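Coordinates as given in protein_36.cif (mmCIF, C-alpha atoms):
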```
data_my_file
loop_
_atom_site.label_atom_id
_atom_site.label_comp_id
_atom_site.auth_asym_id
_atom_site.auth_seq_id
_atom_site.Cartn_x
_atom_site.Cartn_y
_atom_site.Cartn_z
CA MET E 1 -111.13 12.48 -37.38
CA ASN E 2 -111.33 9.33 -35.30
CA CYS E 3 -112.78 8.86 -31.78
CA GLU E 4 -109.45 9.38 -30.03
CA GLU E 5 -108.82 12.65 -31.86
CA PHE E 6 -112.35 13.73 -31.12
CA ALA E 7 -111.90 13.06 -27.40
CA MET E 8 -108.73 15.13 -27.47
CA ALA E 9 -109.90 18.11 -29.47
CA GLY E 10 -113.56 17.74 -30.35
CA LEU E 11 -114.90 18.48 -26.88
CA ASP E 12 -114.02 22.14 -27.42
CA LEU E 13 -116.51 22.24 -30.26
CA GLY E 14 -118.58 25.41 -30.15
CA ASP E 15 -116.58 27.30 -27.57
CA GLY E 16 -114.22 28.88 -30.04
CA LYS E 17 -111.12 27.22 -28.63
CA ALA E 18 -110.74 24.82 -31.55
CA ASP E 19 -109.84 26.25 -34.94
CA GLY E 20 -112.03 26.17 -38.09
CA PRO E 21 -110.97 22.99 -39.94
CA LEU E 22 -110.77 21.05 -36.66
CA GLN E 23 -114.30 22.11 -35.73
CA GLN E 24 -115.59 21.07 -39.13
CA ALA E 25 -113.94 17.65 -38.80
CA ALA E 26 -115.35 17.23 -35.29
CA ARG E 27 -118.87 18.08 -36.46
CA GLU E 28 -118.62 15.54 -39.24
CA HIS E 29 -117.39 12.91 -36.80
CA LEU E 30 -120.30 13.64 -34.45
CA LEU E 31 -122.78 12.86 -37.22
CA LEU E 32 -121.15 9.51 -37.85
CA CYS E 33 -120.27 8.31 -34.30
CA SER E 34 -123.04 7.87 -31.72
CA HIS E 35 -120.54 7.12 -28.93
CA CYS E 36 -118.77 10.43 -29.45
CA ALA E 37 -122.12 12.20 -29.84
CA SER E 38 -123.11 10.88 -26.42
CA LEU E 39 -119.73 11.86 -24.98
CA HIS E 40 -120.13 15.33 -26.43
CA GLU E 41 -123.62 15.66 -25.02
CA ASN E 42 -122.48 14.58 -21.56
CA TRP E 43 -119.55 16.92 -21.70
CA GLN E 44 -121.74 19.86 -22.69
CA ALA E 45 -124.02 19.14 -19.73
CA LEU E 46 -121.04 18.88 -17.41
CA ARG E 47 -119.54 22.04 -18.85
CA GLY E 48 -122.80 23.81 -18.05
CA ASP E 49 -122.49 22.64 -14.44
CA LEU E 50 -118.87 23.75 -14.32
CA ARG E 51 -119.76 27.16 -15.67
CA GLU E 52 -122.45 27.49 -13.02
CA LEU E 53 -119.94 26.48 -10.41
CA GLY E 54 -117.54 29.05 -11.80
CA ALA E 55 -120.21 31.74 -11.90
CA GLU E 56 -120.92 31.07 -8.25
CA THR E 57 -117.49 32.39 -7.32
CA SER E 58 -116.81 34.62 -10.31
CA GLU E 59 -117.21 37.76 -8.23
CA ALA E 60 -115.38 36.37 -5.23
CA GLU E 61 -112.67 38.63 -3.87
CA THR E 62 -110.28 38.46 -0.99
CA PRO E 63 -111.79 39.98 2.18
CA SER E 64 -110.57 43.50 2.83
CA ARG E 65 -108.92 42.45 6.09
CA VAL E 66 -106.24 40.67 4.05
CA GLU E 67 -105.32 43.94 2.34
CA MET E 68 -105.18 45.67 5.72
CA ARG E 69 -102.91 42.96 7.12
CA LEU E 70 -100.64 43.11 4.08
CA ARG E 71 -100.41 46.90 4.20
CA GLN E 72 -99.52 46.68 7.88
CA GLU E 73 -96.81 44.15 7.08
CA PHE E 74 -95.60 46.37 4.24
CA ARG E 75 -95.32 49.40 6.54
CA THR E 76 -93.58 47.41 9.25
CA LYS E 77 -91.07 45.98 6.82
CA HIS E 78 -90.19 49.29 5.19
CA LYS E 79 -90.13 51.17 8.49
CA THR E 80 -87.68 48.59 9.83
CA MET E 81 -85.57 48.88 6.70
CA ARG E 82 -85.56 52.67 6.96
CA SER E 83 -84.50 52.49 10.61
CA TYR E 84 -81.80 50.00 9.70
CA ARG E 85 -80.49 52.27 6.96
CA VAL E 86 -80.45 55.28 9.30
CA ALA E 87 -78.65 53.25 11.98
CA ALA E 88 -76.11 51.94 9.47
CA PHE E 89 -75.51 55.43 8.10
CA ALA E 90 -75.09 56.86 11.61
CA GLY E 91 -72.73 54.01 12.54
CA TRP E 92 -70.49 54.59 9.53
CA GLY E 93 -70.59 58.34 10.15
CA LEU E 94 -69.48 57.88 13.75
CA ALA E 95 -66.73 55.49 12.73
CA ALA E 96 -65.44 57.94 10.13
CA ALA E 97 -65.56 60.78 12.66
CA ALA E 98 -63.61 58.67 15.18
CA VAL E 99 -60.93 57.87 12.61
CA LEU E 100 -60.65 61.55 11.62
CA LEU E 101 -60.44 62.62 15.24
CA GLY E 102 -57.79 59.98 15.95
CA THR E 103 -55.70 61.04 12.96
CA PHE E 104 -56.01 64.71 13.86
CA SER E 105 -55.01 64.02 17.49
CA TRP E 106 -52.01 61.96 16.45
CA VAL E 107 -50.77 64.56 14.00
CA ASN E 108 -51.28 67.26 16.61
CA TRP E 109 -49.38 65.24 19.19
CA LYS E 110 -46.50 64.71 16.81
CA ILE E 111 -46.28 68.39 15.96
CA GLU E 112 -46.46 69.36 19.64
CA LYS E 113 -43.75 66.84 20.55
CA ASN E 114 -41.39 68.11 17.87
CA ARG E 115 -42.05 71.70 18.94
CA LEU E 116 -41.20 70.83 22.57
CA LEU E 117 -38.02 69.05 21.61
CA THR E 118 -36.97 71.92 19.43
CA ARG E 119 -37.51 74.36 22.29
CA ASN E 120 -35.61 72.24 24.86
CA GLY E 121 -32.69 71.40 22.64
CA SER E 122 -32.31 74.83 21.04
CA LEU E 123 -31.68 72.94 17.85
CA PRO E 124 -33.85 72.09 14.87
CA ALA E 125 -35.80 68.92 15.53
CA ALA E 126 -34.24 67.19 12.56
CA ASN E 127 -30.76 67.58 13.99
CA ILE E 128 -31.73 66.20 17.39
CA SER E 129 -32.69 62.81 16.18
CA GLN E 130 -29.75 62.37 13.94
CA THR E 131 -26.43 60.95 14.95
CA ALA E 132 -23.89 63.40 16.10
CA SER E 133 -20.37 63.48 14.99
CA VAL E 134 -17.68 63.29 17.65
CA ASN E 135 -15.37 65.88 16.30
CA ALA E 136 -13.31 68.43 18.07
CA ALA E 137 -15.44 70.94 19.94
CA ALA E 138 -18.90 70.29 18.60
CA SER E 139 -21.72 70.05 21.08
CA HIS E 140 -24.22 67.25 21.00
CA VAL E 141 -27.47 66.45 22.66
CA ALA E 142 -28.45 63.02 23.91
CA TRP E 143 -31.12 61.57 26.15
CA ALA E 144 -30.18 59.73 29.27
CA GLY E 145 -33.36 57.73 29.31
CA PRO E 146 -36.74 58.22 30.93
CA GLU E 147 -35.47 57.19 34.39
CA LEU E 148 -33.67 60.49 34.74
CA GLY E 149 -36.72 62.53 33.86
CA GLU E 150 -34.64 65.29 32.30
CA THR E 151 -32.54 65.91 29.23
CA LEU E 152 -28.82 65.71 29.95
CA MET E 153 -26.33 67.73 28.04
CA ALA E 154 -22.92 66.24 27.24
CA SER E 155 -19.83 67.59 25.68
CA ASN E 156 -16.37 66.29 25.01
CA GLY E 157 -14.74 69.55 25.61
CA SER E 158 -12.38 68.60 28.44
CA GLY E 159 -11.75 64.91 28.89
CA ASP E 160 -10.97 62.25 26.33
CA PHE E 161 -12.91 59.08 25.83
CA THR E 162 -11.41 55.78 26.82
CA LEU E 163 -11.81 53.18 24.13
CA LEU E 164 -13.48 50.04 25.32
CA PRO E 165 -11.58 46.81 24.74
CA GLY E 166 -11.94 45.57 21.16
CA THR E 167 -12.89 48.93 19.63
CA MET E 168 -10.99 50.21 16.62
CA PRO E 169 -10.21 53.94 16.74
CA GLY E 170 -11.28 54.53 13.12
CA THR E 171 -14.93 53.51 13.75
CA LEU E 172 -15.74 56.47 16.00
CA ASP E 173 -16.37 59.05 13.28
CA ASP E 174 -20.17 58.87 13.35
CA ALA E 175 -20.62 57.82 16.94
CA MET E 176 -23.01 59.59 19.30
CA VAL E 177 -22.40 60.75 22.85
CA VAL E 178 -24.97 59.51 25.32
CA ARG E 179 -24.93 60.46 28.96
CA VAL E 180 -26.34 57.74 31.20
CA GLN E 181 -26.62 57.15 34.91
CA MET E 182 -25.54 53.72 36.05
CA GLN E 183 -24.02 51.85 38.94
CA ARG E 184 -20.29 51.77 38.86
CA SER E 185 -20.29 47.96 38.75
CA VAL E 186 -21.78 48.10 35.24
CA LEU E 187 -18.48 49.45 33.99
CA GLY E 188 -17.15 45.96 34.65
CA THR E 189 -19.42 44.54 31.95
CA LEU E 190 -17.89 47.04 29.52
CA GLY E 191 -14.47 45.60 30.23
CA LEU E 192 -13.22 48.32 32.61
CA THR E 193 -11.71 47.84 36.05
CA VAL E 194 -14.06 48.69 38.91
CA ASN E 195 -13.22 49.63 42.47
CA GLN E 196 -15.26 47.06 44.37
CA GLU E 197 -15.66 49.26 47.43
CA ARG E 198 -17.56 51.82 45.43
CA ALA E 199 -19.29 49.34 43.07
CA THR E 200 -22.78 50.26 44.18
CA ASP E 201 -22.32 54.01 43.67
CA TRP E 202 -24.43 55.75 41.06
CA ILE E 203 -22.34 57.63 38.54
CA GLN E 204 -22.96 59.60 35.37
CA VAL E 205 -21.07 58.28 32.38
CA ASP E 206 -20.74 59.54 28.81
CA LEU E 207 -20.86 56.66 26.36
CA LEU E 208 -19.80 56.92 22.78
CA VAL E 209 -22.34 54.76 20.93
CA GLY E 210 -21.53 53.55 17.47
CA ASP E 211 -23.77 52.97 14.42
CA ASP E 212 -24.47 49.45 15.61
CA GLY E 213 -25.86 50.74 18.93
CA GLN E 214 -22.96 49.29 20.90
CA PRO E 215 -20.86 51.47 23.24
CA GLN E 216 -17.44 52.09 21.73
CA ALA E 217 -15.80 54.34 24.32
CA VAL E 218 -16.52 55.71 27.75
CA ARG E 219 -15.77 58.94 29.58
CA LEU E 220 -16.21 59.55 33.25
CA PRO E 221 -16.92 63.18 34.07
CA GLU E 222 -14.38 64.57 36.52
CA SER E 223 -16.82 64.82 39.43
CA THR E 224 -17.48 61.08 39.36
CA ASN E 225 -13.91 59.87 39.00
CA MET F 1 -96.93 59.90 -5.24
CA GLN F 2 -99.36 59.48 -8.18
CA ILE F 3 -99.90 55.97 -9.49
CA ASP F 4 -100.97 55.35 -13.04
CA LEU F 5 -103.44 52.47 -12.91
CA GLN F 6 -102.14 51.23 -16.26
CA GLU F 7 -98.58 51.13 -14.95
CA ARG F 8 -96.83 47.87 -15.77
CA ASP F 9 -96.58 45.22 -13.07
CA ASP F 10 -92.79 45.17 -12.98
CA VAL F 11 -92.66 48.96 -12.63
CA LEU F 12 -95.15 48.81 -9.78
CA LEU F 13 -93.20 46.01 -8.15
CA ARG F 14 -89.97 48.01 -8.33
CA ARG F 15 -91.67 50.97 -6.73
CA SER F 16 -93.23 48.73 -4.13
CA ALA F 17 -89.83 47.24 -3.30
CA LYS F 18 -88.57 50.77 -2.64
CA GLY F 19 -91.32 51.31 -0.09
CA ASP F 20 -94.13 52.82 -2.21
CA GLU F 21 -97.24 51.51 -0.48
CA ASP F 22 -99.64 52.87 -3.10
CA ALA F 23 -97.81 50.94 -5.81
CA PHE F 24 -98.15 47.80 -3.74
CA ALA F 25 -101.87 48.47 -3.21
CA VAL F 26 -102.45 48.85 -6.97
CA LEU F 27 -100.55 45.64 -7.58
CA TYR F 28 -102.53 43.81 -4.93
CA ARG F 29 -105.91 45.00 -6.19
CA ARG F 30 -104.99 44.07 -9.73
CA HIS F 31 -104.20 40.45 -8.93
CA GLN F 32 -105.89 39.51 -5.67
CA ALA F 33 -109.25 38.46 -7.13
CA SER F 34 -107.88 36.01 -9.69
CA ILE F 35 -105.49 34.48 -7.15
CA TYR F 36 -108.26 34.23 -4.58
CA ARG F 37 -110.67 32.56 -7.01
CA PHE F 38 -107.97 30.16 -8.12
CA ALA F 39 -107.16 29.26 -4.52
CA LEU F 40 -110.83 29.01 -3.60
CA ARG F 41 -111.60 26.69 -6.49
CA MET F 42 -108.53 24.61 -5.88
CA THR F 43 -109.12 24.17 -2.17
CA GLY F 44 -112.89 24.63 -1.94
CA ASN F 45 -112.24 26.47 1.29
CA PRO F 46 -112.61 30.28 1.64
CA TRP F 47 -110.51 30.39 4.77
CA ALA F 48 -107.66 28.52 3.10
CA ALA F 49 -107.99 30.69 -0.02
CA GLU F 50 -107.70 33.83 2.11
CA GLU F 51 -104.60 32.46 3.78
CA ILE F 52 -103.08 31.54 0.43
CA VAL F 53 -103.65 35.02 -1.00
CA GLN F 54 -102.07 36.51 2.09
CA ASP F 55 -99.05 34.21 1.77
CA VAL F 56 -98.66 34.98 -1.93
CA PHE F 57 -98.60 38.74 -1.43
CA MET F 58 -96.50 38.42 1.70
CA THR F 59 -93.86 36.91 -0.59
CA VAL F 60 -94.12 40.03 -2.77
CA VAL F 61 -93.73 42.27 0.30
CA ARG F 62 -90.87 40.38 1.90
CA ASP F 63 -88.88 39.25 -1.07
CA PRO F 64 -89.83 41.12 -4.26
CA LYS F 65 -86.53 40.07 -5.88
CA LYS F 66 -87.88 36.55 -6.19
CA TYR F 67 -89.80 37.71 -9.24
CA ASP F 68 -87.71 37.80 -12.40
CA ALA F 69 -89.42 39.70 -15.22
CA LYS F 70 -87.39 37.74 -17.79
CA ARG F 71 -89.04 34.49 -16.76
CA GLY F 72 -92.65 35.57 -17.26
CA THR F 73 -95.41 37.87 -16.15
CA LEU F 74 -96.02 38.78 -12.55
CA GLY F 75 -99.45 37.14 -12.82
CA ALA F 76 -97.81 33.83 -13.74
CA PHE F 77 -95.36 34.23 -10.89
CA LEU F 78 -98.19 34.84 -8.44
CA TYR F 79 -100.09 31.81 -9.77
CA GLY F 80 -96.93 29.77 -9.30
CA VAL F 81 -96.57 30.86 -5.67
CA ALA F 82 -100.29 30.23 -5.15
CA ARG F 83 -99.94 26.70 -6.59
CA ASN F 84 -97.15 25.94 -4.12
CA ARG F 85 -99.29 27.19 -1.27
CA VAL F 86 -102.20 25.07 -2.50
CA MET F 87 -99.93 22.02 -2.47
CA LYS F 88 -98.85 22.81 1.07
CA HIS F 89 -102.46 23.26 2.05
CA ARG F 90 -103.26 19.84 0.63
CA GLU F 91 -100.45 18.29 2.63
CA ARG F 92 -101.79 19.55 5.90
CA MET F 93 -105.48 19.47 4.92
CA PRO F 94 -106.37 16.25 6.74
CA ARG F 95 -105.29 17.90 10.00
CA GLU F 96 -107.46 20.97 9.52
CA THR F 97 -111.21 21.41 9.41
CA PRO F 98 -112.63 24.77 8.38
CA LEU F 99 -114.92 26.39 10.92
CA GLU F 100 -117.22 27.76 8.22
CA ASP F 101 -118.00 26.09 4.92
CA LYS F 102 -119.97 28.83 3.28
CA ASN F 103 -118.97 32.31 2.29
CA GLY F 104 -121.13 35.42 2.36
CA ASP F 105 -123.01 34.71 -0.88
CA VAL F 106 -125.56 32.44 0.74
CA GLY F 107 -128.03 35.26 1.30
CA GLU F 108 -128.07 36.21 -2.37
CA GLU F 109 -128.49 32.60 -3.39
CA THR F 110 -131.45 32.15 -1.06
CA LEU F 111 -133.03 35.33 -2.39
CA ALA F 112 -132.59 34.08 -5.94
CA ARG F 113 -134.35 30.86 -5.03
CA ILE F 114 -137.29 32.69 -3.49
CA THR F 115 -137.84 34.84 -6.56
CA ASP F 116 -137.33 31.87 -8.87
CA HIS F 117 -140.52 30.03 -9.92
CA ARG F 118 -138.92 26.61 -10.13
CA THR F 119 -139.96 23.98 -7.61
CA PRO F 120 -138.10 23.10 -4.38
CA ALA F 121 -137.49 19.65 -5.85
CA HIS F 122 -135.68 21.28 -8.74
CA TRP F 123 -133.55 23.33 -6.37
CA ALA F 124 -132.78 20.31 -4.28
CA GLU F 125 -131.66 18.39 -7.35
CA PHE F 126 -129.75 21.40 -8.65
CA GLY F 127 -127.98 21.89 -5.34
CA GLU F 128 -127.15 18.22 -5.05
CA ARG F 129 -125.76 18.08 -8.56
CA ARG F 130 -123.66 21.16 -8.01
CA GLU F 131 -122.25 19.70 -4.84
CA HIS F 132 -121.37 16.52 -6.71
CA VAL F 133 -119.61 18.52 -9.43
CA ARG F 134 -117.76 20.59 -6.84
CA ALA F 135 -116.66 17.45 -5.01
CA ALA F 136 -115.61 15.77 -8.26
CA VAL F 137 -113.47 18.79 -9.20
CA LEU F 138 -111.85 18.86 -5.78
CA GLU F 139 -111.06 15.16 -6.02
CA LEU F 140 -109.13 15.55 -9.28
CA PRO F 141 -105.34 15.29 -9.08
CA VAL F 142 -103.87 18.75 -8.69
CA GLU F 143 -102.41 19.18 -12.17
CA PHE F 144 -105.71 18.21 -13.84
CA ARG F 145 -107.68 20.29 -11.38
CA GLU F 146 -105.56 23.34 -12.19
CA ALA F 147 -106.30 22.95 -15.88
CA ILE F 148 -110.03 22.47 -15.27
CA VAL F 149 -110.20 25.40 -12.85
CA LEU F 150 -108.39 27.79 -15.18
CA CYS F 151 -109.92 26.73 -18.49
CA GLU F 152 -113.46 25.75 -17.48
CA LEU F 153 -114.25 27.66 -14.30
CA GLU F 154 -112.07 30.73 -14.81
CA GLU F 155 -112.67 30.42 -18.60
CA LEU F 156 -109.13 31.39 -19.55
CA SER F 157 -107.85 30.56 -23.03
CA TYR F 158 -105.28 27.78 -23.37
CA GLU F 159 -102.58 30.38 -23.93
CA GLU F 160 -103.51 32.28 -20.78
CA ALA F 161 -103.66 29.08 -18.74
CA ALA F 162 -100.29 27.99 -20.10
CA LYS F 163 -98.78 31.34 -19.10
CA ALA F 164 -100.36 31.16 -15.67
CA LEU F 165 -99.06 27.66 -15.04
CA ASP F 166 -95.78 28.32 -16.83
CA CYS F 167 -96.06 25.30 -19.10
CA PRO F 168 -96.58 24.63 -22.85
CA ILE F 169 -100.06 24.78 -24.37
CA GLY F 170 -99.77 21.12 -25.29
CA THR F 171 -99.44 20.25 -21.62
CA ILE F 172 -102.58 22.23 -20.84
CA ARG F 173 -104.49 20.44 -23.61
CA SER F 174 -103.42 17.03 -22.41
CA ARG F 175 -104.14 17.80 -18.75
CA LEU F 176 -107.49 19.20 -19.71
CA HIS F 177 -108.30 16.13 -21.75
CA ARG F 178 -107.46 13.80 -18.89
CA GLY F 179 -109.18 16.01 -16.37
CA ARG F 180 -112.37 16.05 -18.41
CA ALA F 181 -112.24 12.29 -18.83
CA LEU F 182 -111.82 11.81 -15.08
CA LEU F 183 -114.64 14.25 -14.33
CA LEU F 184 -116.96 12.52 -16.77
CA ALA F 185 -116.10 9.16 -15.26
CA LYS F 186 -116.77 10.41 -11.75
CA LEU F 187 -120.07 12.05 -12.67
CA GLU F 188 -121.29 9.38 -15.05
CA ILE F 189 -123.16 7.68 -12.20
CA LEU F 190 -124.84 10.94 -11.25
CA ARG F 191 -126.00 11.53 -14.82
CA ASP F 192 -127.33 8.03 -15.20
CA VAL F 193 -129.43 8.13 -12.04
CA PRO F 194 -132.37 10.19 -13.36
CA LYS F 195 -132.41 8.22 -16.62
CA ARG F 196 -132.56 4.92 -14.80
CA ALA F 197 -135.18 6.27 -12.38
CA GLY F 198 -137.25 7.47 -15.35
CA ALA F 199 -136.91 4.13 -17.05
CA GLY F 200 -138.06 2.34 -13.96
CA ARG F 201 -141.39 4.21 -13.80
#
```
Taking this structure as input, can you express it in the form of structure tokens?
Amino acid sequence: MNCEEFAMAGLDLGDGKADGPLQQAAREHLLLCSHCASLHENWQALRGDLRELGAETSEAETPSRVEMRLRQEFRTKHKTMRSYRVAAFAGWGLAAAAVLLGTFSWVNWKIEKNRLLTRNGSLPAANISQTASVNAAASHVAWAGPELGETLMASNGSGDFTLLPGTMPGTLDDAMVVRVQMQRSVLGTLGLTVNQERATDWIQVDLLVGDDGQPQAVRLPESTN
Amino acid sequence: MQIDLQERDDVLLRRSAKGDEDAFAVLYRRHQASIYRFALRMTGNPWAAEEIVQDVFMTVVRDPKKYDAKRGTLGAFLYGVARNRVMKHRERMPRETPLEDKNGDVGEETLARITDHRTPAHWAEFGERREHVRAAVLELPVEFREAIVLCELEELSYEEAAKALDCPIGTIRSRLHRGRALLLAKLEILRDVPKRAGAGR
């Protein structure tokens, strides 16, 4: 062992930190080198001082107030977290309840609406919404629009429909009869001749509406002619 | 809830993270003293050491997920956090002056002196020397001071110190070597004084 190696490992001599062969080599070096012997002696004295310094605080512990503060912080943190969890849970619960209530109300409304329509139309609800065929003596139901505030009944029992200009007779098979209230002047936009003196009169008209939603033919009930 | 005092740190930490205060208390009592002594010896200031311990365990309370059991023991993790706090303390140290320099052990020390038969001159010299050693340790660069504090003052083995500082044993050896050399150099003057005074008589 040389001086450099001794400085690195030999200072642990006697404290059990160096292993056997290393300790033996260090001891042998100490006998031969006065400089290292002096270094070792100084170090042992200093180590004694360090141990005393260490012993001075070896029993030192954190004051109990620190534990109290930490416990307080711990409680605060976990209480807050618990409150947060409860609030989150309640929030989600309320949201779910609102969605359920909404769905239930909507379904209920739909059922009620269908029931009402069925009662008013004396027909199964499914038939009411479907297109009606304009054949011979069949009766059909149509809505005149919300401005009338009532359901109007129409039939083609007596009068014939007048085809609007440009309508082919063959396309009327699946058309639907719709009774509407309009000013007489509107008939002009459908391509019919209008008596200008009575243009502002309100009349009820049966329109034959095709699949494309366009009026195909028109019928003026006798009372409005 | 019953706590087994031998319960492993990571188990206690998990329970603590779920809000088990007793588990946290066991964890705290298990580690507080070593962290406090480390901080006290690194800073030389009881007030700062108290603050550091509080900060370290506050980290455990607020963010227990910071500790990863795969990376080492909880003790090493706590030492690591304490080291960071010590560094921060050093950064702001010039701006702060502790109100009290002594802790509560002064009374015991005084009592020991009274019952001791050695002379006041001896105590004066002893006290002065100890203060010099304390100052020399505190003046060491942090990495060397850590090694000296853990291996010489705390008397941990190299392996334990390496685990605490999360570094290889070789690093501990080399830091210790340089730390010792620096300490010896700083205190050489002190040691030579009585010799020279004796020679002069």
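CA of Ala98 (chain E) is found 22.1 Å from CA of Lys113 (chain E).
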Each residue of chain E with at least one atom at most 10 Å from chain F should appear once, together with its nearest atom pair and the corresponding distance in Å (one decimal); atoms considered: all atoms listed in the file; ordering: chain, then increasing residue number; output as a Markdown table.
```
| residue | atom | partner | partner_atom | distance |
| --- | --- | --- | --- | --- |
| E:Ala7 | CA | F:His177 | CA | 7.4 |
| E:Met8 | CA | F:His177 | CA | 5.8 |
| E:Ala9 | CA | F:His177 | CA | 8.1 |
| E:Leu11 | CA | F:His177 | CA | 8.7 |
| E:Gly16 | CA | F:Ser157 | CA | 9.6 |
| E:Lys17 | CA | F:Ser157 | CA | 7.3 |
| E:Leu39 | CA | F:Leu184 | CA | 8.7 |
| E:Asn42 | CA | F:Leu184 | CA | 7.6 |
| E:Trp43 | CA | F:Leu184 | CA | 7.1 |
| E:Ala45 | CA | F:Arg191 | CA | 9.3 |
| E:Leu46 | CA | F:Leu184 | CA | 7.6 |
| E:Arg47 | CA | F:Glu152 | CA | 7.3 |
| E:Gly48 | CA | F:Glu152 | CA | 9.6 |
| E:Asp49 | CA | F:Arg130 | CA | 6.7 |
| E:Leu50 | CA | F:Leu153 | CA | 6.1 |
| E:Arg51 | CA | F:Leu153 | CA | 5.7 |
| E:Glu52 | CA | F:Arg130 | CA | 8.2 |
| E:Leu53 | CA | F:Arg130 | CA | 6.9 |
| E:Gly54 | CA | F:Leu153 | CA | 4.4 |
| E:Ala55 | CA | F:Leu153 | CA | 7.6 |
| E:Glu56 | CA | F:Asp105 | CA | 8.5 |
| E:Thr57 | CA | F:Arg37 | CA | 6.8 |
| E:Ser58 | CA | F:Arg37 | CA | 7.3 |
| E:Glu59 | CA | F:Ala33 | CA | 8.1 |
| E:Ala60 | CA | F:Arg37 | CA | 6.3 |
| E:Glu61 | CA | F:Ala33 | CA | 4.7 |
| E:Thr62 | CA | F:Tyr36 | CA | 5.9 |
| E:Pro63 | CA | F:Glu50 | CA | 7.4 |
| E:Arg65 | CA | F:Glu50 | CA | 9.6 |
| E:Val66 | CA | F:Gln54 | CA | 6.2 |
| E:Glu67 | CA | F:Tyr28 | CA | 7.8 |
| E:Met68 | CA | F:Ala25 | CA | 9.9 |
| E:Arg69 | CA | F:Gln54 | CA | 8.2 |
| E:Leu70 | CA | F:Met58 | CA | 6.7 |
| E:Arg71 | CA | F:Glu21 | CA | 7.3 |
| E:Gln72 | CA | F:Glu21 | CA | 9.9 |
| E:Glu73 | CA | F:Val61 | CA | 7.7 |
| E:Phe74 | CA | F:Val61 | CA | 6.0 |
| E:Arg75 | CA | F:Glu21 | CA | 7.6 |
| E:Lys77 | CA | F:Arg62 | CA | 7.5 |
| E:His78 | CA | F:Gly19 | CA | 5.8 |
| E:Lys79 | CA | F:Gly19 | CA | 8.7 |
| E:Met81 | CA | F:Gly19 | CA | 9.2 |
| E:Arg82 | CA | F:Gly19 | CA | 9.2 |
```
inquiry  = Give me the residues near Asp9 (chain F) as an NGL selection string, where near means some atom within 8 Å (using all atoms listed in the file) and where sequence neighbours in that chain fewer than 3 positions away do not count.
reply    = :F and (12-13 or 27 or 74)
Coordinates-based distance that separates CA of Arg198 (chain E) from CA of Arg184 (chain E) (Å, one decimal) =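 Atom-to-atom, CA of Arg184 (chain E) to CA of Arg198 (chain E), that is 7.1 Å.
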ask   = Which residues fall under the PyMOL selection byres ((chain E and resi 190) around 10) in this file, as an MDAnalysis selection string?
value = chainID E and resid 164:165 185:189 191:193 215:218
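Residues in contact range of region 76-80 of chain F, defined as at most 8 Å between only C-alpha atoms, with sequence neighbours fewer than 5 positions away removed, read Ile35, Val56, Tyr67, Lys163, Ala164, Leu165 and Asp166 of chain F.
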Ile52 (chain F) environment, 9 Å, all atoms listed in the file, sequence neighbours closer than 6 positions dropped, as a PyMOL selection string = chain F and resi 35-36+39+81-82+85-86+89
key: d(CA of Arg219 (chain E), CA of Leu163 (chain E)) in Å   =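 Calculated distance between CA of Arg219 (chain E) and CA of Leu163 (chain E) is 8.9 Å.
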ask   = Of the residues E:Ser83, E:Ser38, E:Asp12, E:Gly210, which is the one nearest to Cys151 (chain F), using only C-alpha atoms?
value =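 Of E:Ser83, E:Ser38, E:Asp12, E:Gly210, the one nearest Cys151 (chain F), counting only C-alpha atoms, is E:Asp12.
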request  = For the structure shown, which residues end up in the PyMOL selection byres ((chain E and resi 25-37) around 8)? Put them as a PyMOL selection string, please?
outcome  = chain E and resi 1-3+6-7+10+13+21-24+38-41
